[in-house]
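> What follows is start.txt, made up of compact mmCIF, C-alpha atoms:
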# COMPACT_ATOMS: atom_id res chain seq x y z
CA MET H 169 7.60 122.99 58.66
CA MET H 170 7.22 120.53 61.55
CA LEU H 171 8.80 122.99 63.96
CA ALA H 172 7.84 121.13 67.14
CA GLU H 173 9.27 117.84 65.86
CA LEU H 174 12.43 119.51 64.58
CA GLN H 175 13.04 121.32 67.85
CA ARG H 176 12.53 118.19 69.92
CA LEU H 177 14.86 116.17 67.71
CA LEU H 178 17.67 118.73 67.52
CA ASP H 179 17.47 119.57 71.19
CA ALA H 180 17.79 115.87 72.08
CA ALA H 181 20.56 114.97 69.62
CA PRO H 182 24.21 115.86 70.25
CA ALA H 183 25.72 118.56 68.08
CA GLY H 184 27.85 116.01 66.20
CA ALA H 185 24.97 113.63 65.42
CA GLN H 186 25.03 111.90 62.04
CA ARG H 187 22.07 111.15 59.78
CA ALA H 188 21.94 107.58 61.13
CA ASP H 189 21.66 108.97 64.67
CA TYR H 190 18.69 111.14 63.75
CA ARG H 191 17.07 108.19 62.01
CA GLU H 192 17.57 105.95 65.01
CA ALA H 193 16.10 108.59 67.34
CA VAL H 194 12.98 109.08 65.24
CA ILE H 195 12.30 105.54 64.02
CA ASP H 196 13.92 103.13 66.46
CA ASP H 197 13.62 105.12 69.70
CA ASN H 198 10.36 106.90 68.77
CA LEU H 199 11.65 110.15 70.26
CA LEU H 200 8.76 112.04 68.64
CA ASP H 201 6.06 109.74 70.07
CA LYS H 202 4.48 108.63 66.80
CA PRO H 203 1.81 105.90 67.06
CA THR H 204 3.14 103.49 64.41
CA VAL H 205 6.38 102.55 62.72
CA ASN H 206 5.04 103.85 59.42
CA ALA H 207 4.28 107.20 61.04
CA ARG H 208 7.83 107.35 62.40
CA LYS H 209 9.29 106.60 58.98
CA LEU H 210 7.09 109.19 57.32
CA THR H 211 8.05 111.79 59.92
CA PHE H 212 11.74 111.11 59.40
CA ARG H 213 11.31 111.35 55.64
CA HIS H 214 9.52 114.68 55.86
CA LEU H 215 12.11 116.10 58.27
CA SER H 216 14.91 114.88 56.02
CA ASP H 217 13.27 116.45 52.97
CA LEU H 218 13.00 119.81 54.71
CA TYR H 219 16.24 119.92 56.69
CA ALA H 220 18.57 117.19 55.30
CA LEU H 221 19.57 116.01 58.83
CA ASP H 222 23.02 115.23 57.45
CA PRO H 223 26.18 117.07 58.57
CA GLY H 224 27.71 116.09 55.24
CA THR H 225 25.39 118.69 53.71
CA CYS H 226 26.98 122.08 54.39
CA LEU H 227 23.66 123.91 54.76
CA PHE H 228 22.47 121.56 57.48
CA ARG H 229 25.85 121.65 59.19
CA VAL H 230 25.78 125.46 59.38
CA PHE H 231 22.10 125.47 60.31
CA ARG H 232 22.77 122.94 63.10
CA GLY H 233 25.62 125.04 64.43
CA LEU H 234 23.44 128.15 64.57
CA TRP H 235 20.42 126.34 66.02
CA SER H 236 21.66 126.40 69.62
CA GLN H 237 22.82 130.01 69.53
CA GLU H 238 19.55 131.77 70.37
CA PRO H 239 16.08 130.34 71.18
CA ASP H 240 14.23 133.27 69.59
CA ALA H 241 15.98 132.59 66.27
CA LYS H 242 14.67 129.03 65.88
CA PRO H 243 11.26 129.54 64.19
CA LEU H 244 12.67 131.80 61.47
CA LEU H 245 15.85 129.74 61.20
CA ALA H 246 13.75 126.64 60.49
CA LEU H 247 11.85 128.56 57.82
CA GLN H 248 15.08 129.76 56.23
CA MET H 249 16.38 126.20 55.99
CA ALA H 250 13.07 124.85 54.70
CA LEU H 251 12.97 127.53 52.00
CA THR H 252 16.27 126.26 50.59
CA ARG H 253 14.79 122.79 50.06
CA ASP H 254 11.06 123.24 49.36
CA GLY H 255 10.24 124.85 46.04
CA LEU H 256 6.50 125.14 46.74
CA LEU H 257 7.16 126.94 50.00
CA ARG H 258 9.70 129.18 48.27
CA SER H 259 7.15 130.13 45.60
CA SER H 260 4.95 131.67 48.30
CA VAL H 261 7.58 134.18 49.47
CA PRO H 262 6.57 137.08 47.17
CA GLN H 263 2.90 136.68 48.12
CA VAL H 264 3.67 136.87 51.83
CA LEU H 265 6.18 139.71 51.66
CA ALA H 266 3.90 141.79 49.42
CA THR H 267 1.16 141.76 52.07
CA PRO H 268 1.35 144.91 54.26
CA GLN H 269 1.72 144.54 58.00
CA GLY H 270 -1.65 144.15 59.70
CA GLN H 271 -3.49 143.26 56.50
CA ARG H 272 -5.43 140.03 56.18
CA PHE H 273 -3.65 137.20 54.39
CA GLU H 274 -6.00 134.65 52.87
CA ARG H 275 -5.23 130.99 52.29
CA GLU H 276 -6.95 131.29 48.92
CA ALA H 277 -4.08 133.46 47.71
CA ILE H 278 -1.72 130.50 48.08
CA GLU H 279 -4.26 128.16 46.52
CA ARG H 280 -4.45 130.39 43.44
CA LEU H 281 -0.67 130.51 43.29
CA LEU H 282 -0.44 126.71 43.41
CA THR H 283 -3.18 126.32 40.83
CA GLN H 284 -1.34 128.59 38.41
CA SER H 285 2.07 127.01 38.93
CA ASP H 286 1.46 123.29 39.46
CA GLU H 287 0.49 122.47 35.84
CA GLY H 288 -2.12 119.94 36.92
CA ARG H 289 0.14 117.99 39.28
CA PHE H 290 -2.20 118.28 42.25
CA SER H 291 -5.89 117.72 42.84
CA LEU H 292 -7.99 120.52 44.28
CA ALA H 293 -7.99 118.74 47.65
CA SER H 294 -4.19 118.50 47.57
CA ILE H 295 -3.86 122.18 46.69
CA GLU H 296 -6.05 123.12 49.66
CA ALA H 297 -4.03 120.91 52.01
CA ILE H 298 -0.69 122.24 50.72
CA ALA H 299 -1.90 125.82 51.07
CA GLN H 300 -2.91 125.13 54.68
CA ARG H 301 0.54 123.73 55.44
CA ILE H 302 2.28 126.67 53.77
CA ASN H 303 0.17 129.17 55.70
CA GLY H 304 0.88 127.22 58.88
CA THR H 305 4.59 127.40 58.20
CA TRP H 306 4.54 131.18 57.77
CA THR H 307 2.48 131.42 60.96
CA GLN H 308 4.97 129.35 62.95
CA ALA H 309 7.79 131.54 61.64
CA GLY H 310 6.00 134.69 62.82
CA TYR H 311 4.99 136.25 59.49
CA LEU H 312 1.28 135.58 60.08
CA THR H 313 -0.82 135.64 63.22
CA GLY H 314 -4.28 134.31 64.01
CA HIS H 315 -6.09 131.03 63.47
CA VAL H 316 -8.99 131.32 61.06
CA LYS H 317 -8.27 134.94 60.16
CA LYS H 318 -4.59 135.38 59.34
CA LEU H 319 -2.98 138.81 59.60
CA ARG H 320 0.45 139.75 58.30
CA SER H 321 2.89 140.35 61.15
CA GLN H 322 6.57 141.08 61.72
CA PRO H 323 8.68 138.03 62.62
CA ILE H 324 11.41 138.03 65.24
CA VAL H 325 14.71 138.45 63.39
CA THR H 326 17.92 137.94 65.36
CA PRO H 327 21.62 138.21 64.49
CA VAL H 328 21.58 134.43 64.01
CA ASN H 329 18.93 134.70 61.30
CA VAL H 330 20.82 137.47 59.56
CA ALA H 331 24.06 135.48 59.65
CA PHE H 332 22.33 132.50 58.01
CA GLY H 333 20.55 134.65 55.46
CA LEU H 334 23.77 136.37 54.42
CA PHE H 335 25.52 133.00 54.21
CA LEU H 336 22.85 131.75 51.82
CA GLY H 337 23.48 134.78 49.65
CA TYR H 338 27.21 134.10 49.83
CA LEU H 339 26.63 130.59 48.49
CA GLU H 340 25.01 132.22 45.46
CA GLY H 341 28.22 134.12 44.78
CA ARG H 342 27.27 137.43 46.36
CA LEU H 343 29.81 139.48 48.29
CA ALA H 344 29.93 142.67 50.36
CA GLN H 345 26.89 144.94 50.03
CA ARG H 346 25.23 142.67 47.45
CA LEU H 347 24.63 140.19 50.25
CA PHE H 348 22.03 142.55 51.69
CA SER H 349 19.93 142.54 48.53
CA SER H 350 19.69 138.79 47.95
CA ASP H 351 16.37 136.96 48.08
CA TRP H 352 17.54 135.38 51.34
CA ALA H 353 18.09 138.79 52.91
CA ARG H 354 14.75 140.08 51.60
CA VAL H 355 12.96 137.19 53.32
CA LEU H 356 13.99 138.76 56.63
CA ASP H 357 11.69 141.67 55.78
CA LEU H 358 13.83 144.42 57.31
CA PRO H 359 15.35 147.65 55.96
CA GLU H 360 18.97 147.32 54.87
CA GLU H 361 20.26 149.54 57.66
CA ARG H 362 18.59 147.32 60.26
CA LEU H 363 20.11 144.25 58.59
CA ILE H 364 23.51 145.91 58.84
CA GLU H 365 22.95 146.61 62.55
CA LEU H 366 22.11 142.96 63.13
CA THR H 367 25.14 141.92 61.09
CA GLN H 368 27.32 144.01 63.38
CA ALA H 369 25.71 142.26 66.36
CA ALA H 370 26.38 138.89 64.72
CA ALA H 371 30.03 139.85 64.27
CA GLN H 372 30.30 140.84 67.94
CA ARG H 373 29.06 137.35 68.83
CA GLY H 374 31.59 135.68 66.53
CA LEU H 375 28.98 134.39 64.08
CA LEU H 376 30.73 136.03 61.12
CA VAL H 377 33.32 138.69 60.30
CA PHE H 378 32.00 142.12 59.32
CA ARG H 379 33.92 145.27 58.50
CA ARG H 380 32.45 148.53 57.25
CA THR H 381 34.31 151.62 56.12
CA GLY H 382 31.87 154.14 54.76
CA ALA H 383 30.03 152.46 51.90
CA VAL H 384 32.61 149.65 51.65
CA MET H 385 31.66 146.42 53.42
CA GLU H 386 33.28 143.07 53.95
CA VAL H 387 31.44 140.01 55.23
CA ARG H 388 33.19 136.69 55.75
CA PHE H 389 32.09 133.35 57.16
CA PRO H 390 35.13 131.65 58.76
CA ASP H 391 34.79 127.90 59.30
CA TYR H 392 31.34 127.70 57.68
CA LEU H 393 32.67 125.70 54.74
CA THR H 394 35.23 122.93 54.53
CA GLU H 395 38.27 123.58 52.38
CA GLN H 396 36.82 121.36 49.66
CA GLU H 397 33.48 123.18 49.75
CA GLN H 398 35.22 126.56 49.56
CA ASP H 399 37.27 125.42 46.57
CA TRP H 400 34.11 124.22 44.86
CA LEU H 401 32.38 127.55 45.55
CA ASN H 402 35.37 129.47 44.17
CA GLU H 403 35.27 127.38 41.00
CA GLN H 404 31.62 128.29 40.46
CA ALA H 405 32.27 132.03 40.86
Mind turning this structure into structure tokens?


Amino acid sequence: MMLAELQRLLDAAPAGAQRADYREAVIDDNLLDKPTVNARKLTFRHLSDLYALDPGTCLFRVFRGLWSQEPDAKPLLALQMALTRDGLLRSSVPQVLATPQGQRFEREAIERLLTQSDEGRFSLASIEAIAQRINGTWTQAGYLTGHVKKLRSQPIVTPVNVAFGLFLGYLEGRLAQRLFSSDWARVLDLPEERLIELTQAAAQRGLLVFRRTGAVMEVRFPDYLTEQEQDWLNEQA
């Protein structure tokens, strides 16, 4: 998921940076120290594919706003954003989450998954390379540990990650308690009660609005969407 490049770029760019600013930083200014112009262009393309790098895209705008909130949230936050835009990475979620903590996770499991789902799109060499990148992404996010031998581990999940995960569920039309059972909440790999505790912490930090009375919950995301985006979302409901 190019975490090192993403972190260097976002940490160097101002919060209000536009897509053209990110492009200039990567390609013209060579902020990421790539050896050739083609390498710079390829890096910018890959980062754009994974993260949009455009505040006109609401997901990136929210992601960018949360990025500076908590350093420990960044690896998982990058994964969460990448999952919204990379279908191959997203297809690996069940395989990773189904692996018990401490158990070995083999790259071949992802290779088999890609072989079954790609319908001949990729060569065997490409499948192996993609599987390596997917496993590397889950490792960077904290779900796997080790180099040659990968073991399933528990990632660091912060209130920032929970706020973003619940927001992704909200964009799917979920409200209240249903937010805690979305695929985006399940990716966080925590029991619901722990997710609720972290949601309360997120509310205390002003990342969202959360109210709970017994079994009745309310979760709102003030200022996450523009008025036009909110109207569009309401029309889809």

> Mind checking which residues fall within 9 Å of range 248-265 of chain H, counting only C-alpha atoms, ignoring those fewer than 6 positions away in the same chain, and posting them as a PDB file with C-alpha atoms, in the frame of the given file?


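Okay, part.pdb is ready:
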ATOM      1  CA  MET H 169       7.600 122.990  58.660  1.00  0.00           C
ATOM      2  CA  ASP H 217      13.270 116.450  52.970  1.00  0.00           C
ATOM      3  CA  LEU H 218      13.000 119.810  54.710  1.00  0.00           C
ATOM      4  CA  TYR H 219      16.240 119.920  56.690  1.00  0.00           C
ATOM      5  CA  ALA H 220      18.570 117.190  55.300  1.00  0.00           C
ATOM      6  CA  LEU H 227      23.660 123.910  54.760  1.00  0.00           C
ATOM      7  CA  PHE H 228      22.470 121.560  57.480  1.00  0.00           C
ATOM      8  CA  PHE H 231      22.100 125.470  60.310  1.00  0.00           C
ATOM      9  CA  PHE H 273      -3.650 137.200  54.390  1.00  0.00           C
ATOM     10  CA  ALA H 277      -4.080 133.460  47.710  1.00  0.00           C
ATOM     11  CA  ILE H 278      -1.720 130.500  48.080  1.00  0.00           C
ATOM     12  CA  LEU H 281      -0.670 130.510  43.290  1.00  0.00           C
ATOM     13  CA  LEU H 282      -0.440 126.710  43.410  1.00  0.00           C
ATOM     14  CA  SER H 285       2.070 127.010  38.930  1.00  0.00           C
ATOM     15  CA  ILE H 298      -0.690 122.240  50.720  1.00  0.00           C
ATOM     16  CA  ILE H 302       2.280 126.670  53.770  1.00  0.00           C
ATOM     17  CA  THR H 305       4.590 127.400  58.200  1.00  0.00           C
ATOM     18  CA  TRP H 306       4.540 131.180  57.770  1.00  0.00           C
ATOM     19  CA  TYR H 311       4.990 136.250  59.490  1.00  0.00           C
ATOM     20  CA  LEU H 312       1.280 135.580  60.080  1.00  0.00           C
ATOM     21  CA  ARG H 320       0.450 139.750  58.300  1.00  0.00           C
ATOM     22  CA  ASN H 329      18.930 134.700  61.300  1.00  0.00           C
ATOM     23  CA  PHE H 332      22.330 132.500  58.010  1.00  0.00           C
ATOM     24  CA  GLY H 333      20.550 134.650  55.460  1.00  0.00           C
ATOM     25  CA  LEU H 336      22.850 131.750  51.820  1.00  0.00           C
ATOM     26  CA  TRP H 352      17.540 135.380  51.340  1.00  0.00           C
ATOM     27  CA  ARG H 354      14.750 140.080  51.600  1.00  0.00           C
ATOM     28  CA  VAL H 355      12.960 137.190  53.320  1.00  0.00           C
ATOM     29  CA  ASP H 357      11.690 141.670  55.780  1.00  0.00           C
TER      30      ASP H 357
END

> I'd like the neighbourhood of range 378-389 of chain H as a PyMOL selection string, where a residue qualifies if any of its atoms comes within 9 Å (using all atoms listed in the file), though same-chain residues fewer than 2 positions away should be ignored.

chain H and resi 331+334-335+338+343-345+347+367-368+370-372+375-376+391-393

> Would you please work out which residue, of H:Leu363, H:Ala309, H:Met170, H:Val316, is nearest to Asp240 in chain H when using all atoms listed in the file?

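Nearest to Asp240 in chain H: H:Ala309.
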
> Leaving out Glu238 in chain H and any residue of its chain fewer than 2 positions from it, which residues lie within 12 Å of it when counting all atoms listed in the file, given as a JSON list (two decimals) with C-alpha atoms, in the coordinates of the input?


[["chain", "number", "residue", "atom", "x", "y", "z"],
["H", 232, "ARG", "CA", 22.77, 122.94, 63.10],
["H", 233, "GLY", "CA", 25.62, 125.04, 64.43],
["H", 234, "LEU", "CA", 23.44, 128.15, 64.57],
["H", 235, "TRP", "CA", 20.42, 126.34, 66.02],
["H", 236, "SER", "CA", 21.66, 126.40, 69.62],
["H", 240, "ASP", "CA", 14.23, 133.27, 69.59],
["H", 241, "ALA", "CA", 15.98, 132.59, 66.27],
["H", 242, "LYS", "CA", 14.67, 129.03, 65.88],
["H", 243, "PRO", "CA", 11.26, 129.54, 64.19],
["H", 244, "LEU", "CA", 12.67, 131.80, 61.47],
["H", 245, "LEU", "CA", 15.85, 129.74, 61.20],
["H", 324, "ILE", "CA", 11.41, 138.03, 65.24],
["H", 325, "VAL", "CA", 14.71, 138.45, 63.39],
["H", 326, "THR", "CA", 17.92, 137.94, 65.36],
["H", 327, "PRO", "CA", 21.62, 138.21, 64.49],
["H", 328, "VAL", "CA", 21.58, 134.43, 64.01],
["H", 329, "ASN", "CA", 18.93, 134.70, 61.30],
["H", 370, "ALA", "CA", 26.38, 138.89, 64.72],
["H", 373, "ARG", "CA", 29.06, 137.35, 68.83],
["H", 375, "LEU", "CA", 28.98, 134.39, 64.08]]

> Set the distance at 12 Å and use all atoms listed in the file: which residues neighbour Glu397 in chain H once local chain neighbours fewer than 5 positions away are removed? I'd like the list as an mmCIF file with C-alpha atoms, in the coordinates of the input.


data_model
loop_
_atom_site.group_PDB
_atom_site.id
_atom_site.type_symbol
_atom_site.label_atom_id
_atom_site.label_comp_id
_atom_site.auth_asym_id
_atom_site.auth_seq_id
_atom_site.Cartn_x
_atom_site.Cartn_y
_atom_site.Cartn_z
ATOM 1 C CA GLY H 224 27.710 116.090 55.240
ATOM 2 C CA THR H 225 25.390 118.690 53.710
ATOM 3 C CA CYS H 226 26.980 122.080 54.390
ATOM 4 C CA LEU H 227 23.660 123.910 54.760
ATOM 5 C CA LEU H 339 26.630 130.590 48.490
ATOM 6 C CA ASP H 391 34.790 127.900 59.300
ATOM 7 C CA TYR H 392 31.340 127.700 57.680
ATOM 8 C CA ASN H 402 35.370 129.470 44.170
ATOM 9 C CA GLU H 403 35.270 127.380 41.000
ATOM 10 C CA GLN H 404 31.620 128.290 40.460
#

> Mind giving me the straight-line distance from CA of Leu221 in chain H to CA of Asp197 in chain H in Å, one decimal?

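Separation of CA of Leu221 in chain H and CA of Asp197 in chain H: 16.5 Å.
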
> Using all atoms listed in the file, list the residues that have an atom at most 12 Å from (-7.0, 121.6, 46.5), coordinates as in the file, as a PyMOL selection string.

chain H and resi 275-276+278-283+286+288-301

> Store the residues picked out above in a file with C-alpha atoms, as a short mmCIF file (atom, residue, chain, number, x, y, z; two decimals), in the frame of the given file.


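Final output, result-v8.cif:
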data_model
loop_
_atom_site.label_atom_id
_atom_site.label_comp_id
_atom_site.auth_asym_id
_atom_site.auth_seq_id
_atom_site.Cartn_x
_atom_site.Cartn_y
_atom_site.Cartn_z
CA ARG H 275 -5.23 130.99 52.29
CA GLU H 276 -6.95 131.29 48.92
CA ILE H 278 -1.72 130.50 48.08
CA GLU H 279 -4.26 128.16 46.52
CA ARG H 280 -4.45 130.39 43.44
CA LEU H 281 -0.67 130.51 43.29
CA LEU H 282 -0.44 126.71 43.41
CA THR H 283 -3.18 126.32 40.83
CA ASP H 286 1.46 123.29 39.46
CA GLY H 288 -2.12 119.94 36.92
CA ARG H 289 0.14 117.99 39.28
CA PHE H 290 -2.20 118.28 42.25
CA SER H 291 -5.89 117.72 42.84
CA LEU H 292 -7.99 120.52 44.28
CA ALA H 293 -7.99 118.74 47.65
CA SER H 294 -4.19 118.50 47.57
CA ILE H 295 -3.86 122.18 46.69
CA GLU H 296 -6.05 123.12 49.66
CA ALA H 297 -4.03 120.91 52.01
CA ILE H 298 -0.69 122.24 50.72
CA ALA H 299 -1.90 125.82 51.07
CA GLN H 300 -2.91 125.13 54.68
CA ARG H 301 0.54 123.73 55.44
#

> Residues around (8.7, 110.5, 70.9), cut-off 12 Å, counting only C-alpha atoms - what are they as a PyMOL selection string?

chain H and resi 172-174+176-177+180+192-205+207-208+211-212

> CA of Gln269 in chain H and CA of Gln322 in chain H are how many Å apart?

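Computing the Euclidean distance for CA of Gln269 in chain H and CA of Gln322 in chain H yields 7.0 Å.
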
> Rank H:Ala188, H:Ala183, H:Ala246, H:Ala266 by their smallest atom-to-atom distance to Arg229 in chain H, using all atoms listed in the file, and report the top residue only.

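Closest to Arg229 in chain H of all the choices is H:Ala183.
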
> Which residue, H:Pro323, H:Pro390, H:Gly314, H:Gly270, has the smallest gap to Val230 in chain H when you use all atoms listed in the file?

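That would be H:Pro390, the residue with the smallest distance to Val230 in chain H.
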
> All heavy atoms for range 234-245 of chain H, written as an mmCIF file, in the frame of the given file, could you do that?


data_model
loop_
_atom_site.group_PDB
_atom_site.id
_atom_site.type_symbol
_atom_site.label_atom_id
_atom_site.label_comp_id
_atom_site.auth_asym_id
_atom_site.auth_seq_id
_atom_site.Cartn_x
_atom_site.Cartn_y
_atom_site.Cartn_z
ATOM 1 N N LEU H 234 24.116 126.924 64.153
ATOM 2 C CA LEU H 234 23.440 128.150 64.570
ATOM 3 C C LEU H 234 22.224 127.879 65.454
ATOM 4 O O LEU H 234 21.780 128.758 66.190
ATOM 5 C CB LEU H 234 23.002 128.950 63.341
ATOM 6 C CG LEU H 234 24.122 129.526 62.465
ATOM 7 C CD1 LEU H 234 23.543 130.123 61.191
ATOM 8 C CD2 LEU H 234 24.921 130.585 63.235
ATOM 9 N N TRP H 235 21.675 126.669 65.360
ATOM 10 C CA TRP H 235 20.420 126.340 66.020
ATOM 11 C C TRP H 235 20.461 126.609 67.525
ATOM 12 O O TRP H 235 19.482 127.102 68.118
ATOM 13 C CB TRP H 235 20.074 124.877 65.762
ATOM 14 C CG TRP H 235 18.798 124.419 66.387
ATOM 15 C CD1 TRP H 235 18.655 123.695 67.542
ATOM 16 C CD2 TRP H 235 17.465 124.654 65.915
ATOM 17 N NE1 TRP H 235 17.330 123.454 67.807
ATOM 18 C CE2 TRP H 235 16.569 124.032 66.816
ATOM 19 C CE3 TRP H 235 16.939 125.320 64.803
ATOM 20 C CZ2 TRP H 235 15.189 124.066 66.649
ATOM 21 C CZ3 TRP H 235 15.569 125.354 64.636
ATOM 22 C CH2 TRP H 235 14.706 124.736 65.544
ATOM 23 N N SER H 236 21.566 126.282 68.157
ATOM 24 C CA SER H 236 21.660 126.400 69.620
ATOM 25 C C SER H 236 22.095 127.780 70.086
ATOM 26 O O SER H 236 22.233 128.011 71.289
ATOM 27 C CB SER H 236 22.640 125.353 70.151
ATOM 28 O OG SER H 236 23.927 125.551 69.593
ATOM 29 N N GLN H 237 22.290 128.707 69.160
ATOM 30 C CA GLN H 237 22.820 130.010 69.530
ATOM 31 C C GLN H 237 21.804 130.903 70.239
ATOM 32 O O GLN H 237 22.160 131.675 71.117
ATOM 33 C CB GLN H 237 23.329 130.742 68.271
ATOM 34 C CG GLN H 237 24.543 130.119 67.620
ATOM 35 C CD GLN H 237 25.799 130.316 68.435
ATOM 36 O OE1 GLN H 237 25.944 131.319 69.146
ATOM 37 N NE2 GLN H 237 26.711 129.367 68.364
ATOM 38 N N GLU H 238 20.535 130.829 69.832
ATOM 39 C CA GLU H 238 19.550 131.770 70.370
ATOM 40 C C GLU H 238 18.135 131.191 70.206
ATOM 41 O O GLU H 238 17.683 130.984 69.077
ATOM 42 C CB GLU H 238 19.662 133.102 69.633
ATOM 43 C CG GLU H 238 18.864 134.216 70.243
ATOM 44 C CD GLU H 238 19.234 135.569 69.642
ATOM 45 O OE1 GLU H 238 20.101 135.627 68.758
ATOM 46 O OE2 GLU H 238 18.639 136.559 70.081
ATOM 47 N N PRO H 239 17.416 130.941 71.290
ATOM 48 C CA PRO H 239 16.080 130.340 71.180
ATOM 49 C C PRO H 239 15.126 131.127 70.291
ATOM 50 O O PRO H 239 14.358 130.536 69.524
ATOM 51 C CB PRO H 239 15.589 130.315 72.633
ATOM 52 C CG PRO H 239 16.844 130.257 73.449
ATOM 53 C CD PRO H 239 17.844 131.084 72.703
ATOM 54 N N ASP H 240 15.161 132.459 70.378
ATOM 55 C CA ASP H 240 14.230 133.270 69.590
ATOM 56 C C ASP H 240 14.473 133.148 68.085
ATOM 57 O O ASP H 240 13.581 133.465 67.290
ATOM 58 C CB ASP H 240 14.338 134.749 69.983
ATOM 59 C CG ASP H 240 13.676 135.038 71.324
ATOM 60 O OD1 ASP H 240 12.918 134.181 71.809
ATOM 61 O OD2 ASP H 240 13.924 136.123 71.888
ATOM 62 N N ALA H 241 15.649 132.694 67.695
ATOM 63 C CA ALA H 241 15.980 132.590 66.270
ATOM 64 C C ALA H 241 15.377 131.347 65.625
ATOM 65 O O ALA H 241 15.276 131.277 64.387
ATOM 66 C CB ALA H 241 17.492 132.586 66.078
ATOM 67 N N LYS H 242 14.979 130.364 66.421
ATOM 68 C CA LYS H 242 14.670 129.030 65.880
ATOM 69 C C LYS H 242 13.504 129.001 64.898
ATOM 70 O O LYS H 242 13.622 128.363 63.836
ATOM 71 C CB LYS H 242 14.448 128.048 67.034
ATOM 72 C CG LYS H 242 15.739 127.741 67.792
ATOM 73 C CD LYS H 242 15.513 126.778 68.945
ATOM 74 C CE LYS H 242 16.823 126.464 69.651
ATOM 75 N NZ LYS H 242 16.647 125.520 70.783
ATOM 76 N N PRO H 243 12.361 129.635 65.164
ATOM 77 C CA PRO H 243 11.260 129.540 64.190
ATOM 78 C C PRO H 243 11.642 130.075 62.808
ATOM 79 O O PRO H 243 11.393 129.411 61.789
ATOM 80 C CB PRO H 243 10.156 130.385 64.827
ATOM 81 C CG PRO H 243 10.442 130.316 66.296
ATOM 82 C CD PRO H 243 11.930 130.320 66.398
ATOM 83 N N LEU H 244 12.268 131.241 62.764
ATOM 84 C CA LEU H 244 12.670 131.800 61.470
ATOM 85 C C LEU H 244 13.822 131.022 60.867
ATOM 86 O O LEU H 244 13.888 130.824 59.651
ATOM 87 C CB LEU H 244 13.037 133.276 61.634
ATOM 88 C CG LEU H 244 13.498 134.012 60.374
ATOM 89 C CD1 LEU H 244 12.555 133.792 59.208
ATOM 90 C CD2 LEU H 244 13.662 135.496 60.663
ATOM 91 N N LEU H 245 14.734 130.524 61.710
ATOM 92 C CA LEU H 245 15.850 129.740 61.200
ATOM 93 C C LEU H 245 15.345 128.470 60.521
ATOM 94 O O LEU H 245 15.849 128.078 59.458
ATOM 95 C CB LEU H 245 16.803 129.395 62.345
ATOM 96 C CG LEU H 245 18.172 128.810 61.975
ATOM 97 C CD1 LEU H 245 18.978 129.813 61.157
ATOM 98 C CD2 LEU H 245 18.945 128.430 63.236
#
